[in-house]
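A.B. asks: So I've got this file, coords-v6.txt, and it contains compact mmCIF, C-alpha atoms and all ligand atoms:
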```txt
# COMPACT_ATOMS: atom_id res chain seq x y z
CA MET A 4 -22.02 7.20 -15.46
CA THR A 5 -23.39 5.67 -12.22
CA ARG A 6 -24.02 8.06 -9.36
CA PRO A 7 -24.91 7.29 -5.73
CA ARG A 8 -28.53 6.15 -5.39
CA ASN A 9 -29.33 8.06 -2.18
CA GLU A 10 -28.49 11.40 -0.63
CA ARG A 11 -28.03 10.09 2.93
CA TYR A 12 -25.99 7.19 4.22
CA ASP A 13 -25.00 5.96 7.62
CA THR A 14 -21.37 5.70 6.44
CA ILE A 15 -19.54 6.89 3.35
CA VAL A 16 -16.17 5.24 2.69
CA VAL A 17 -13.78 6.99 0.31
CA GLY A 18 -11.37 4.69 -1.55
CA ALA A 19 -12.00 1.11 -2.67
CA GLY A 20 -8.59 -0.30 -1.69
CA PRO A 21 -8.14 -2.96 0.98
CA ALA A 22 -8.68 -0.43 3.80
CA GLY A 23 -11.87 1.01 2.35
CA ILE A 24 -13.37 -2.34 1.37
CA MET A 25 -12.88 -3.82 4.83
CA ALA A 26 -14.19 -0.66 6.51
CA ALA A 27 -17.29 -0.72 4.29
CA MET A 28 -17.89 -4.42 4.96
CA HIS A 29 -17.94 -4.02 8.75
CA ALA A 30 -19.65 -0.62 8.86
CA SER A 31 -22.55 -2.17 6.92
CA GLU A 32 -23.39 -4.20 10.05
CA ARG A 33 -24.83 -0.95 11.47
CA GLY A 34 -26.41 0.88 8.54
CA GLU A 35 -26.33 1.85 4.89
CA VAL A 36 -22.87 2.23 3.40
CA LEU A 37 -21.67 3.92 0.23
CA LEU A 38 -18.16 3.02 -0.99
CA ILE A 39 -16.79 5.38 -3.64
CA ASP A 40 -13.58 5.44 -5.65
CA ALA A 41 -12.22 8.15 -7.91
CA SER A 42 -11.03 5.47 -10.38
CA PRO A 43 -13.25 3.34 -12.55
CA LEU A 44 -13.76 -0.09 -10.96
CA PRO A 45 -12.20 -2.60 -11.07
CA ARG A 46 -9.30 -0.29 -10.31
CA ASN A 47 -5.64 -0.79 -11.07
CA LYS A 48 -3.34 -0.05 -8.14
CA SER A 49 0.38 -0.08 -8.89
CA CYS A 50 1.73 -2.68 -6.47
CA GLY A 51 4.09 -5.63 -6.16
CA GLY A 52 1.18 -7.87 -5.12
CA MET A 53 3.27 -9.54 -2.43
CA LEU A 54 1.05 -10.80 0.39
CA HIS A 55 2.82 -11.01 3.74
CA ASP A 56 1.71 -13.60 6.32
CA LEU A 57 0.12 -10.72 8.27
CA SER A 58 -2.14 -10.05 5.28
CA LEU A 59 -3.08 -13.72 5.02
CA GLU A 60 -3.79 -13.77 8.77
CA ALA A 61 -6.03 -10.70 8.50
CA LEU A 62 -7.86 -12.25 5.54
CA ALA A 63 -8.32 -15.74 7.03
CA PRO A 64 -11.77 -15.05 8.58
CA TYR A 65 -13.07 -13.91 5.16
CA GLY A 66 -12.03 -17.00 3.17
CA GLN A 67 -9.07 -18.40 1.26
CA VAL A 68 -7.30 -16.20 -1.27
CA PRO A 69 -8.59 -17.72 -4.55
CA GLU A 70 -5.99 -19.67 -6.56
CA SER A 71 -7.20 -17.86 -9.71
CA ILE A 72 -5.41 -14.67 -8.56
CA VAL A 73 -2.19 -16.39 -7.47
CA VAL A 74 0.63 -16.17 -10.03
CA GLY A 75 3.80 -18.21 -10.43
CA PRO A 76 6.03 -18.70 -8.62
CA ARG A 77 3.35 -19.05 -5.94
CA ILE A 78 5.61 -18.26 -2.98
CA VAL A 79 8.64 -16.00 -3.20
CA ASN A 80 11.03 -15.36 -0.34
CA PHE A 81 12.45 -11.94 0.39
CA ARG A 82 16.13 -11.53 -0.53
CA TYR A 83 18.37 -8.60 0.42
CA VAL A 84 20.68 -7.62 -2.44
CA ASP A 85 23.64 -5.22 -2.21
CA TRP A 86 24.21 -4.87 -5.94
CA ASP A 87 27.51 -2.95 -5.78
CA ARG A 88 29.17 -5.58 -3.61
CA ASP A 89 27.42 -8.54 -5.24
CA ILE A 90 26.00 -9.67 -1.90
CA ARG A 91 22.75 -11.65 -1.72
CA LYS A 92 21.12 -12.62 1.56
CA PRO A 93 18.15 -14.92 1.01
CA THR A 94 15.71 -14.90 3.92
CA THR A 95 13.00 -17.27 5.12
CA LEU A 96 10.36 -14.51 4.86
CA PRO A 97 7.72 -15.80 2.40
CA PHE A 98 5.20 -13.82 0.35
CA LEU A 99 2.19 -15.12 -1.56
CA ASN A 100 2.53 -13.83 -5.13
CA VAL A 101 -0.79 -12.44 -6.41
CA ASP A 102 -2.16 -10.37 -9.24
CA ARG A 103 -3.00 -7.12 -7.42
CA ALA A 104 -5.95 -6.12 -9.66
CA GLY A 105 -7.44 -9.60 -9.17
CA PHE A 106 -6.87 -9.32 -5.43
CA ASP A 107 -8.75 -6.01 -5.14
CA ASP A 108 -11.55 -7.36 -7.31
CA TRP A 109 -11.83 -10.42 -5.06
CA LEU A 110 -12.05 -8.18 -1.97
CA VAL A 111 -14.89 -6.20 -3.58
CA SER A 112 -16.70 -9.51 -4.27
CA LEU A 113 -16.72 -10.20 -0.50
CA LEU A 114 -18.86 -7.13 0.19
CA PRO A 115 -22.49 -7.74 1.14
CA ALA A 116 -25.07 -6.54 -1.40
CA SER A 117 -26.12 -3.83 1.07
CA VAL A 118 -22.89 -1.90 0.40
CA GLU A 119 -23.38 0.38 -2.59
CA VAL A 120 -20.17 0.60 -4.61
CA VAL A 121 -19.68 3.49 -7.05
CA GLY A 122 -16.56 3.93 -9.18
CA SER A 123 -15.47 7.12 -11.00
CA CYS A 124 -16.84 9.12 -8.07
CA ALA A 125 -14.30 11.36 -6.31
CA LEU A 126 -14.70 13.08 -2.97
CA VAL A 127 -13.80 16.74 -3.50
CA GLY A 128 -14.65 18.13 -0.07
CA PHE A 129 -16.60 17.73 3.16
CA ARG A 130 -17.63 19.62 6.26
CA GLN A 131 -18.63 18.04 9.55
CA ASP A 132 -21.04 19.52 12.08
CA ALA A 133 -22.54 18.29 15.33
CA ASP A 134 -25.04 15.98 13.59
CA GLY A 135 -23.25 14.64 10.55
CA VAL A 136 -20.94 15.19 7.60
CA ASP A 137 -21.81 16.95 4.34
CA VAL A 138 -19.83 15.33 1.54
CA GLU A 139 -19.23 16.75 -1.91
CA CYS A 140 -18.40 14.30 -4.69
CA LYS A 141 -17.74 14.62 -8.37
CA VAL A 142 -19.20 12.17 -10.90
CA ALA A 143 -18.07 13.08 -14.42
CA ASP A 144 -18.55 16.89 -14.37
CA GLU A 145 -21.42 16.82 -11.95
CA ILE A 146 -21.15 17.72 -8.24
CA VAL A 147 -23.20 15.43 -6.02
CA ASN A 148 -24.00 16.45 -2.42
CA LEU A 149 -24.39 13.70 0.16
CA ARG A 150 -24.73 13.45 3.92
CA CYS A 151 -23.61 10.77 6.36
CA ALA A 152 -23.11 10.10 10.07
CA ASN A 153 -19.60 8.61 9.63
CA LEU A 154 -16.99 9.30 6.97
CA VAL A 155 -14.02 6.98 6.39
CA GLY A 156 -11.06 8.33 4.44
CA ALA A 157 -9.31 5.32 2.92
CA ASP A 158 -8.13 7.27 -0.11
CA GLY A 159 -4.48 6.34 -0.05
CA ALA A 160 -1.14 8.10 0.23
CA ARG A 161 -2.38 11.43 -1.17
CA SER A 162 -5.62 11.44 0.79
CA THR A 163 -8.00 14.31 0.08
CA VAL A 164 -9.95 13.40 3.23
CA ARG A 165 -6.83 13.74 5.36
CA ARG A 166 -5.89 17.06 3.77
CA THR A 167 -9.42 18.46 4.16
CA LEU A 168 -9.43 17.33 7.79
CA GLY A 169 -6.33 19.47 8.36
CA ALA A 170 -4.52 16.43 9.69
CA GLY A 171 -1.27 17.37 7.93
CA ALA A 172 -0.29 16.00 4.57
CA THR A 173 2.37 13.28 4.50
CA SER A 174 5.27 13.13 2.06
CA THR A 175 5.33 10.40 -0.52
CA TYR A 176 7.96 8.25 -2.18
CA VAL A 177 7.87 8.32 -5.97
CA THR A 178 7.53 4.77 -7.28
CA LEU A 179 7.89 3.43 -10.79
CA GLN A 180 7.08 -0.15 -11.70
CA ASP A 181 7.82 -1.87 -15.02
CA PHE A 182 6.22 -5.07 -16.32
CA VAL A 183 9.14 -6.69 -18.08
CA GLU A 184 8.89 -9.61 -20.50
CA LEU A 185 10.72 -12.71 -19.33
CA LYS A 186 12.87 -14.55 -21.88
CA GLY A 187 13.76 -17.28 -19.37
CA ASP A 188 13.24 -18.11 -15.72
CA ILE A 189 14.65 -15.91 -13.00
CA GLU A 190 15.22 -17.03 -9.43
CA PRO A 191 12.03 -17.23 -7.34
CA PHE A 192 12.89 -14.39 -4.97
CA PHE A 193 11.44 -11.02 -4.07
CA ASP A 194 14.75 -9.20 -4.46
CA CYS A 195 15.14 -5.88 -2.68
CA ILE A 196 18.07 -4.14 -4.36
CA TYR A 197 20.31 -1.38 -3.02
CA MET A 198 22.46 0.27 -5.68
CA ARG A 199 24.57 3.29 -4.72
CA SER A 200 25.53 4.13 -8.30
CA LEU A 201 21.96 5.40 -8.91
CA GLY A 202 22.51 8.21 -6.44
CA ASP A 203 21.14 9.17 -3.05
CA GLU A 204 17.61 9.82 -4.34
CA PHE A 205 17.22 6.14 -5.13
CA GLY A 206 15.79 4.32 -2.11
CA TYR A 207 15.77 0.78 -3.43
CA GLY A 208 14.61 -1.34 -6.33
CA TYR A 209 12.88 -4.68 -6.47
CA VAL A 210 12.57 -7.54 -8.91
CA VAL A 211 10.01 -10.29 -8.60
CA PRO A 212 8.84 -12.88 -11.15
CA LYS A 213 5.11 -12.61 -11.93
CA GLY A 214 3.95 -15.32 -14.28
CA ASP A 215 5.50 -14.69 -17.70
CA HIS A 216 6.68 -11.22 -16.65
CA ALA A 217 8.94 -9.77 -14.00
CA LEU A 218 8.03 -6.72 -11.99
CA VAL A 219 10.91 -4.29 -11.71
CA GLY A 220 10.21 -1.49 -9.29
CA SER A 221 12.15 1.55 -8.18
CA VAL A 222 11.42 3.61 -5.12
CA PHE A 223 12.71 7.18 -4.92
CA TYR A 224 12.79 9.60 -2.03
CA PRO A 225 10.28 12.49 -2.15
CA LYS A 226 10.87 15.25 -4.72
CA THR A 227 13.24 13.18 -6.86
CA LYS A 228 13.66 14.88 -10.25
CA ARG A 229 13.32 12.85 -13.46
CA PRO A 230 12.91 9.48 -11.70
CA TRP A 231 12.13 7.75 -14.99
CA GLU A 232 15.71 8.32 -16.16
CA LYS A 233 17.04 6.55 -13.06
CA ALA A 234 14.50 3.75 -13.48
CA ASP A 235 15.77 3.30 -17.06
CA ARG A 236 19.32 3.10 -15.73
CA LEU A 237 18.28 0.52 -13.13
CA LEU A 238 16.70 -1.57 -15.89
CA ASP A 239 19.84 -1.29 -18.04
CA VAL A 240 22.08 -2.41 -15.17
CA LEU A 241 19.78 -5.31 -14.30
CA ARG A 242 19.43 -6.42 -17.94
CA ALA A 243 23.20 -6.49 -18.37
CA ALA A 244 23.40 -9.03 -15.53
CA MET A 245 20.09 -10.83 -16.17
CA PRO A 246 19.61 -11.44 -19.91
CA GLN A 247 16.22 -13.04 -19.12
CA LEU A 248 14.81 -9.52 -18.65
CA GLY A 249 13.31 -8.38 -21.95
CA GLU A 250 11.35 -5.32 -22.96
CA SER A 251 9.21 -3.34 -20.56
CA VAL A 252 5.62 -3.65 -21.78
CA LYS A 253 4.10 -1.28 -19.22
CA ARG A 254 5.36 1.33 -16.78
CA GLU A 255 3.30 2.63 -13.87
CA ALA A 256 3.99 5.64 -11.66
CA CYS A 257 2.55 5.89 -8.18
CA ALA A 258 3.04 7.45 -4.74
CA ALA A 259 3.68 5.58 -1.50
CA LEU A 260 3.56 6.91 2.00
CA TYR A 261 6.89 8.28 3.28
CA LEU A 262 6.41 7.87 7.01
CA ARG A 263 9.07 9.37 9.25
CA SER A 264 7.28 10.09 12.52
CA THR A 265 4.50 8.55 14.58
CA SER A 266 2.84 11.99 14.49
CA ASP A 267 2.05 11.19 10.83
CA VAL A 268 -0.22 8.39 12.04
CA VAL A 269 -3.64 9.98 12.51
CA PRO A 270 -6.75 7.82 13.11
CA GLY A 271 -9.07 10.73 12.38
CA SER A 272 -11.00 13.57 13.98
CA GLY A 273 -14.63 13.86 15.06
CA ARG A 274 -16.85 11.78 12.77
CA VAL A 275 -14.07 11.17 10.26
CA LEU A 276 -11.85 8.09 10.51
CA LEU A 277 -8.69 7.62 8.44
CA ALA A 278 -7.69 4.07 7.45
CA GLY A 279 -4.87 2.54 5.43
CA GLU A 280 -2.22 4.84 3.99
CA ALA A 281 -4.54 7.83 4.45
CA GLY A 282 -4.17 7.39 8.20
CA GLY A 283 -0.43 6.68 8.04
CA PHE A 284 -0.87 2.92 8.40
CA MET A 285 1.92 1.24 6.46
CA SER A 286 5.26 -0.31 7.37
CA PRO A 287 7.81 2.53 7.18
CA SER A 288 10.68 0.03 7.03
CA SER A 289 9.54 -2.57 4.48
CA GLY A 290 6.98 -0.68 2.36
CA GLU A 291 4.48 -3.45 3.07
CA GLY A 292 1.07 -1.82 3.19
CA ILE A 293 -1.67 -4.34 2.42
CA SER A 294 -1.77 -5.90 5.90
CA TYR A 295 -1.87 -2.44 7.51
CA ALA A 296 -4.68 -1.37 5.18
CA LEU A 297 -6.67 -4.52 5.94
CA ARG A 298 -6.17 -4.30 9.70
CA SER A 299 -6.95 -0.58 9.98
CA GLY A 300 -9.96 -0.92 7.63
CA ILE A 301 -11.37 -3.80 9.68
CA ALA A 302 -10.87 -1.85 12.92
CA ALA A 303 -12.50 1.30 11.48
CA GLY A 304 -15.54 -0.63 10.23
CA ARG A 305 -15.91 -2.52 13.50
CA ALA A 306 -15.68 0.70 15.51
CA ILE A 307 -18.47 2.20 13.42
CA ALA A 308 -20.61 -0.94 13.85
CA ALA A 309 -20.09 -0.93 17.62
CA ASN A 310 -20.87 2.72 18.36
CA PRO A 311 -23.71 5.23 18.02
CA PRO A 312 -23.48 7.27 14.78
CA GLY A 313 -20.46 9.56 14.69
CA GLU A 314 -18.89 8.19 17.90
CA ALA A 315 -16.51 5.56 16.54
CA LEU A 316 -13.23 7.47 16.81
CA GLY A 317 -12.46 6.60 20.47
CA THR A 318 -12.90 2.85 19.88
CA TYR A 319 -10.94 3.02 16.63
CA SER A 320 -8.03 4.94 18.19
CA VAL A 321 -7.73 2.40 21.00
CA ALA A 322 -7.86 -0.49 18.50
CA MET A 323 -5.03 1.08 16.50
CA ARG A 324 -2.65 1.44 19.46
CA PRO A 325 -0.79 -1.85 18.78
CA LEU A 326 -0.24 -0.83 15.14
CA LEU A 327 1.03 2.56 16.29
CA ALA A 328 3.46 0.88 18.70
CA ASP A 329 4.59 -1.42 15.87
CA THR A 330 5.18 1.63 13.65
CA ALA A 331 7.18 3.36 16.41
CA ARG A 332 9.40 0.28 16.74
CA ARG A 333 10.02 0.14 12.97
CA LEU A 334 10.78 3.87 12.85
CA ARG A 335 13.55 3.36 15.42
CA TRP A 336 15.31 0.98 13.02
CA LEU A 337 14.89 3.18 9.98
CA PRO A 338 17.82 5.62 10.35
CA LEU A 339 20.25 2.67 10.65
CA MET A 340 18.62 0.77 7.78
CA GLU A 341 18.78 3.78 5.45
CA SER A 342 22.28 4.90 6.37
CA ARG A 343 25.27 4.02 4.22
CA ALA A 344 26.89 2.43 7.29
CA GLY A 345 23.81 0.29 7.93
CA LYS A 346 23.69 -0.95 4.35
CA TYR A 347 27.43 -1.62 4.43
CA LEU A 348 27.22 -3.57 7.69
CA ALA A 349 24.26 -5.61 6.44
CA GLY A 350 26.68 -7.20 3.98
CA PHE A 351 28.60 -8.79 6.87
CA VAL A 352 25.61 -10.03 8.83
CA PRO A 353 24.95 -13.78 8.35
CA ALA A 354 21.89 -14.54 6.19
CA SER A 355 20.17 -16.28 9.12
CA ILE A 356 20.29 -13.04 11.15
CA VAL A 357 19.19 -10.87 8.18
CA SER A 358 16.35 -13.35 7.90
CA ARG A 359 15.37 -12.94 11.54
CA ILE A 360 15.62 -9.12 11.42
CA THR A 361 13.55 -9.02 8.22
CA GLN A 362 10.76 -11.05 9.84
CA GLY A 363 10.33 -8.21 12.33
CA LEU A 364 10.49 -5.42 9.75
C1 LIG A 401 4.77 0.46 -6.42
C2 LIG A 401 4.19 -0.08 -5.13
C3 LIG A 401 4.39 -1.42 -4.80
C4 LIG A 401 3.83 -1.92 -3.61
N1 LIG A 401 3.99 -3.25 -3.33
C5 LIG A 401 3.41 -3.76 -2.21
C6 LIG A 401 3.47 -5.17 -1.95
O1 LIG A 401 4.02 -5.94 -2.73
N2 LIG A 401 2.89 -5.64 -0.80
C7 LIG A 401 2.26 -4.79 0.09
O2 LIG A 401 1.77 -5.26 1.15
N3 LIG A 401 2.17 -3.47 -0.16
C8 LIG A 401 2.69 -2.93 -1.29
N4 LIG A 401 2.54 -1.60 -1.57
C9 LIG A 401 1.73 -0.79 -0.66
C10 LIG A 401 0.24 -1.08 -0.88
O3 LIG A 401 -0.06 -1.11 -2.25
C11 LIG A 401 -0.60 0.00 -0.19
O4 LIG A 401 -0.09 0.25 1.10
C12 LIG A 401 -2.06 -0.40 -0.06
O5 LIG A 401 -2.67 -0.57 -1.32
C13 LIG A 401 -2.80 0.71 0.70
O6 LIG A 401 -4.16 0.41 0.71
P1 LIG A 401 -5.22 1.55 0.99
O7 LIG A 401 -6.54 0.86 1.00
O8 LIG A 401 -4.81 2.36 2.15
O9 LIG A 401 -5.12 2.56 -0.26
P2 LIG A 401 -5.05 2.31 -1.81
O10 LIG A 401 -4.94 0.87 -2.15
O11 LIG A 401 -4.00 3.23 -2.32
O12 LIG A 401 -6.48 2.80 -2.31
C14 LIG A 401 -6.86 4.13 -2.23
C15 LIG A 401 -7.99 4.36 -3.21
O13 LIG A 401 -8.53 5.66 -2.98
C16 LIG A 401 -8.93 6.19 -4.23
N5 LIG A 401 -9.02 7.65 -4.07
C17 LIG A 401 -7.99 8.54 -3.95
N6 LIG A 401 -8.48 9.78 -3.82
C18 LIG A 401 -9.84 9.68 -3.86
C19 LIG A 401 -10.90 10.62 -3.78
N7 LIG A 401 -10.67 11.93 -3.63
N8 LIG A 401 -12.19 10.17 -3.89
C20 LIG A 401 -12.44 8.83 -4.06
N9 LIG A 401 -11.46 7.90 -4.13
C21 LIG A 401 -10.18 8.32 -4.04
C22 LIG A 401 -7.87 5.74 -5.20
O14 LIG A 401 -8.36 5.73 -6.53
C23 LIG A 401 -7.55 4.34 -4.68
O15 LIG A 401 -8.28 3.35 -5.38
C24 LIG A 401 3.08 -1.07 -2.75
C25 LIG A 401 2.89 0.28 -3.09
C26 LIG A 401 3.42 0.77 -4.28
C27 LIG A 401 3.16 2.19 -4.66
```
What's the structure tokens form of this structure?
C.D. replies:
Amino acid sequence: MTRPRNERYDTIVVGAGPAGIMAAMHASERGEVLLIDASPLPRNKSCGGMLHDLSLEALAPYGQVPESIVVGPRIVNFRYVDWDRDIRKPTTLPFLNVDRAGFDDWLVSLLPASVEVVGSCALVGFRQDADGVDVECKVADEIVNLRCANLVGADGARSTVRRTLGAGATSTYVTLQDFVELKGDIEPFFDCIYMRSLGDEFGYGYVVPKGDHALVGSVFYPKTKRPWEKADRLLDVLRAAMPQLGESVKREACAALYLRSTSDVVPGSGRVLLAGEAGGFMSPSSGEGISYALRSGIAAGRAIAANPPGEALGTYSVAMRPLLADTARRLRWLPLMESRAGKYLAGFVPASIVSRITQGL
């Protein structure tokens, strides 16, 4: 089991997702960086792997997304589906269809050699004082004590860094995602499916072709009991209408940020910055999180590079103001989008307008 080489670092970044990788990359312009992840690397993050234009824009300065991680159909457009009323509203909102594990691995490959990357190393606690941060990690059964000037919590929806900081835990959606064998082609859309018959705990489902499989996801509101039973029902209903959907070869469970207030967006405190879902950076209306993770990670790393040790928070908070304003705007739409009336009315709105609204959500 690999453990961190040193005891002291300029910056320790917790979480090797898009937020943590970008933070580590830019923070390394100032000093030594350790990037740790609780999972073995390369990690497997349950995700649709749909890259929004905002993600591609954020990534453009770092190079082209390699074709080797793109899966067919290459581009899929978002489509709103009201299953009960058999309404489909295709939009002009495109997503690049990638293999998420390959995407994360590619991001890691962009890191300079000066960033030390250690998998299977979990942060279990930390304490900050006037001169730095003492960090406690666990590698196998061993506790490793480290010290740094800046700590970045990019450890996702159930962030330990955020909890330890006392920044208030956020609620999480329960997500299940099945990799379903395809027995024939399905339409090249990223279908977002509302289905009232699955009950009020069911937020929405999605179906997207991914090479020779389809991803079928279901998103449930926090504290949903026995979500797997509802996910099975969703699959049964979909299979009855889409005989191309075969057996599920893999099912993943995960948590996704359930953001309901801008007070859940916290850039950090003192020497500790929070990026990506850990900081509350994710679209509350569309569930799109990769572009938010990239943008907040880049801003956190740049703020560290531009400031004396431990003094990055002010710069980072200012840099995140546009994303906070964007989140506030999306939150205003959310009650209407989630209401029965809103979903009902969406069925009458022309596809061109759904398309335009979706671009902004
Ligand atoms: C089912 C599902 C489908 C999704 N589909 C899409 C999509 O198609 N497009 C899109 O844009 N977004 C999607 N999202 C959202 C997107 O995946 C996330 O918003 C994005 O990955 C967040 O990036 P992050 O860097 O903040 O955190 P993450 O990618 O979640 O990474 C956090 C990392 O921190 C590590 N970690 C956790 N605790 C510790 C600890 N104590 N010590 C060390 N490491 C720790 C974890 O192992 C993990 O690797 C989806 C989410 C889910 C759940």
A.B. asks: Between A:Gly249, A:Val84, A:Leu44, A:Leu62, which has the minimum distance to A:Tyr347 (counting all atoms listed in the file)?
C.D. replies: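 Of all the options, A:Val84 lies closest to A:Tyr347.
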A.B. asks: Would you work out the distance separating atom CA of A:Phe284 from atom CA of A:Lys228, expressed in Å to one decimal?
C.D. replies: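 That distance, rounded to one decimal, is 26.5 Å.
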A.B. asks: A:Leu179, A:Leu334, A:Leu201, A:Ile307: which is nearest ligand LIG 401 (chain A), counting all atoms listed in the file?
C.D. replies: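 For ligand LIG 401 (chain A), the nearest of the given residues is A:Leu179.
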A.B. asks: Could you work out an axis-aligned box for stretch 333-349 of chain A, taking every atom the file lists and adding 5 Å on each side, and report centre and edge lengths in Å to one decimal, as AutoDock Vina command-line options?
C.D. replies:
```
--center_x 18.7 --center_y 0.0 --center_z 9.8 --size_x 27.4 --size_y 21.2 --size_z 21.2
```
A.B. asks: Of the candidates A:Gly304, A:Thr14, A:Pro225, A:Pro69, which shows the shortest atom-to-atom distance to A:Ser112, using all atoms listed in the file?
C.D. replies: A:Pro69
A.B. asks: Please report, as JSON lines, each residue of chain A lying at most 7 Å from ligand LIG 401 (chain A), together with the nearest pair of atoms and the separation in Å rounded to one decimal; use all atoms listed in the file, and order rows by chain and ascending residue number.
C.D. replies:
```
{"residue": "A:Val17", "atom": "CA", "partner": "A:LIG401", "partner_atom": "C20", "distance": 4.9}
{"residue": "A:Gly18", "atom": "CA", "partner": "A:LIG401", "partner_atom": "O13", "distance": 3.3}
{"residue": "A:Ala19", "atom": "CA", "partner": "A:LIG401", "partner_atom": "O15", "distance": 5.1}
{"residue": "A:Gly20", "atom": "CA", "partner": "A:LIG401", "partner_atom": "O7", "distance": 3.6}
{"residue": "A:Pro21", "atom": "CA", "partner": "A:LIG401", "partner_atom": "O7", "distance": 4.1}
{"residue": "A:Ala22", "atom": "CA", "partner": "A:LIG401", "partner_atom": "O7", "distance": 3.8}
{"residue": "A:Gly23", "atom": "CA", "partner": "A:LIG401", "partner_atom": "O7", "distance": 5.5}
{"residue": "A:Ile39", "atom": "CA", "partner": "A:LIG401", "partner_atom": "C20", "distance": 5.6}
{"residue": "A:Asp40", "atom": "CA", "partner": "A:LIG401", "partner_atom": "N9", "distance": 3.6}
{"residue": "A:Ala41", "atom": "CA", "partner": "A:LIG401", "partner_atom": "N9", "distance": 3.9}
{"residue": "A:Ser42", "atom": "CA", "partner": "A:LIG401", "partner_atom": "O14", "distance": 4.7}
{"residue": "A:Arg46", "atom": "CA", "partner": "A:LIG401", "partner_atom": "O15", "distance": 6.2}
{"residue": "A:Lys48", "atom": "CA", "partner": "A:LIG401", "partner_atom": "O10", "distance": 6.3}
{"residue": "A:Ser49", "atom": "CA", "partner": "A:LIG401", "partner_atom": "C1", "distance": 5.1}
{"residue": "A:Cys50", "atom": "CA", "partner": "A:LIG401", "partner_atom": "C3", "distance": 3.4}
{"residue": "A:Gly51", "atom": "CA", "partner": "A:LIG401", "partner_atom": "O1", "distance": 3.4}
{"residue": "A:Gly52", "atom": "CA", "partner": "A:LIG401", "partner_atom": "O1", "distance": 4.2}
{"residue": "A:Met53", "atom": "CA", "partner": "A:LIG401", "partner_atom": "O1", "distance": 3.7}
{"residue": "A:Leu54", "atom": "CA", "partner": "A:LIG401", "partner_atom": "N2", "distance": 5.6}
{"residue": "A:His55", "atom": "CA", "partner": "A:LIG401", "partner_atom": "O2", "distance": 6.4}
{"residue": "A:Cys124", "atom": "CA", "partner": "A:LIG401", "partner_atom": "C20", "distance": 6.0}
{"residue": "A:Ala125", "atom": "CA", "partner": "A:LIG401", "partner_atom": "N8", "distance": 3.4}
{"residue": "A:Leu126", "atom": "CA", "partner": "A:LIG401", "partner_atom": "N8", "distance": 4.0}
{"residue": "A:Val127", "atom": "CA", "partner": "A:LIG401", "partner_atom": "N7", "distance": 5.7}
{"residue": "A:Ala157", "atom": "CA", "partner": "A:LIG401", "partner_atom": "O8", "distance": 5.4}
{"residue": "A:Asp158", "atom": "CA", "partner": "A:LIG401", "partner_atom": "O13", "distance": 3.3}
{"residue": "A:Gly159", "atom": "CA", "partner": "A:LIG401", "partner_atom": "O9", "distance": 3.8}
{"residue": "A:Ala160", "atom": "CA", "partner": "A:LIG401", "partner_atom": "O11", "distance": 6.2}
{"residue": "A:Arg161", "atom": "CA", "partner": "A:LIG401", "partner_atom": "N6", "distance": 6.9}
{"residue": "A:Ser162", "atom": "CA", "partner": "A:LIG401", "partner_atom": "N6", "distance": 5.7}
{"residue": "A:Thr163", "atom": "CA", "partner": "A:LIG401", "partner_atom": "N7", "distance": 5.2}
{"residue": "A:Thr178", "atom": "CA", "partner": "A:LIG401", "partner_atom": "C1", "distance": 5.2}
{"residue": "A:Leu179", "atom": "CA", "partner": "A:LIG401", "partner_atom": "C1", "distance": 6.1}
{"residue": "A:Gln180", "atom": "CA", "partner": "A:LIG401", "partner_atom": "C1", "distance": 5.8}
{"residue": "A:Gly220", "atom": "CA", "partner": "A:LIG401", "partner_atom": "C1", "distance": 6.5}
{"residue": "A:Cys257", "atom": "CA", "partner": "A:LIG401", "partner_atom": "C27", "distance": 5.1}
{"residue": "A:Ala258", "atom": "CA", "partner": "A:LIG401", "partner_atom": "C27", "distance": 5.3}
{"residue": "A:Ala259", "atom": "CA", "partner": "A:LIG401", "partner_atom": "C27", "distance": 4.7}
{"residue": "A:Ala278", "atom": "CA", "partner": "A:LIG401", "partner_atom": "O8", "distance": 6.3}
{"residue": "A:Gly279", "atom": "CA", "partner": "A:LIG401", "partner_atom": "O8", "distance": 3.3}
{"residue": "A:Glu280", "atom": "CA", "partner": "A:LIG401", "partner_atom": "O8", "distance": 4.0}
{"residue": "A:Ala281", "atom": "CA", "partner": "A:LIG401", "partner_atom": "O8", "distance": 5.9}
{"residue": "A:Met285", "atom": "CA", "partner": "A:LIG401", "partner_atom": "O4", "distance": 5.8}
{"residue": "A:Gly290", "atom": "CA", "partner": "A:LIG401", "partner_atom": "N4", "distance": 6.0}
{"residue": "A:Glu291", "atom": "CA", "partner": "A:LIG401", "partner_atom": "O2", "distance": 3.8}
{"residue": "A:Gly292", "atom": "CA", "partner": "A:LIG401", "partner_atom": "O4", "distance": 3.2}
{"residue": "A:Ile293", "atom": "CA", "partner": "A:LIG401", "partner_atom": "O2", "distance": 3.8}
{"residue": "A:Ser294", "atom": "CA", "partner": "A:LIG401", "partner_atom": "O2", "distance": 6.0}
{"residue": "A:Ala296", "atom": "CA", "partner": "A:LIG401", "partner_atom": "O8", "distance": 4.8}
```
A.B. asks: Please provide as JSON, numbers by chain all residues within 8 Å of stretch 331-333 of chain A, with the sequence filter that same-chain residues fewer than 5 positions apart are discarded (counting only C-alpha atoms).
C.D. replies: {"A": [264, 265, 286, 287, 288, 364]}
A.B. asks: Hey, what's within 6 Å of A:Ile72 if we count only C-alpha atoms and toss same-chain stuff fewer than 4 positions away? As a VMD selection string, please?
C.D. replies: chain A and resid 101 to 102 105
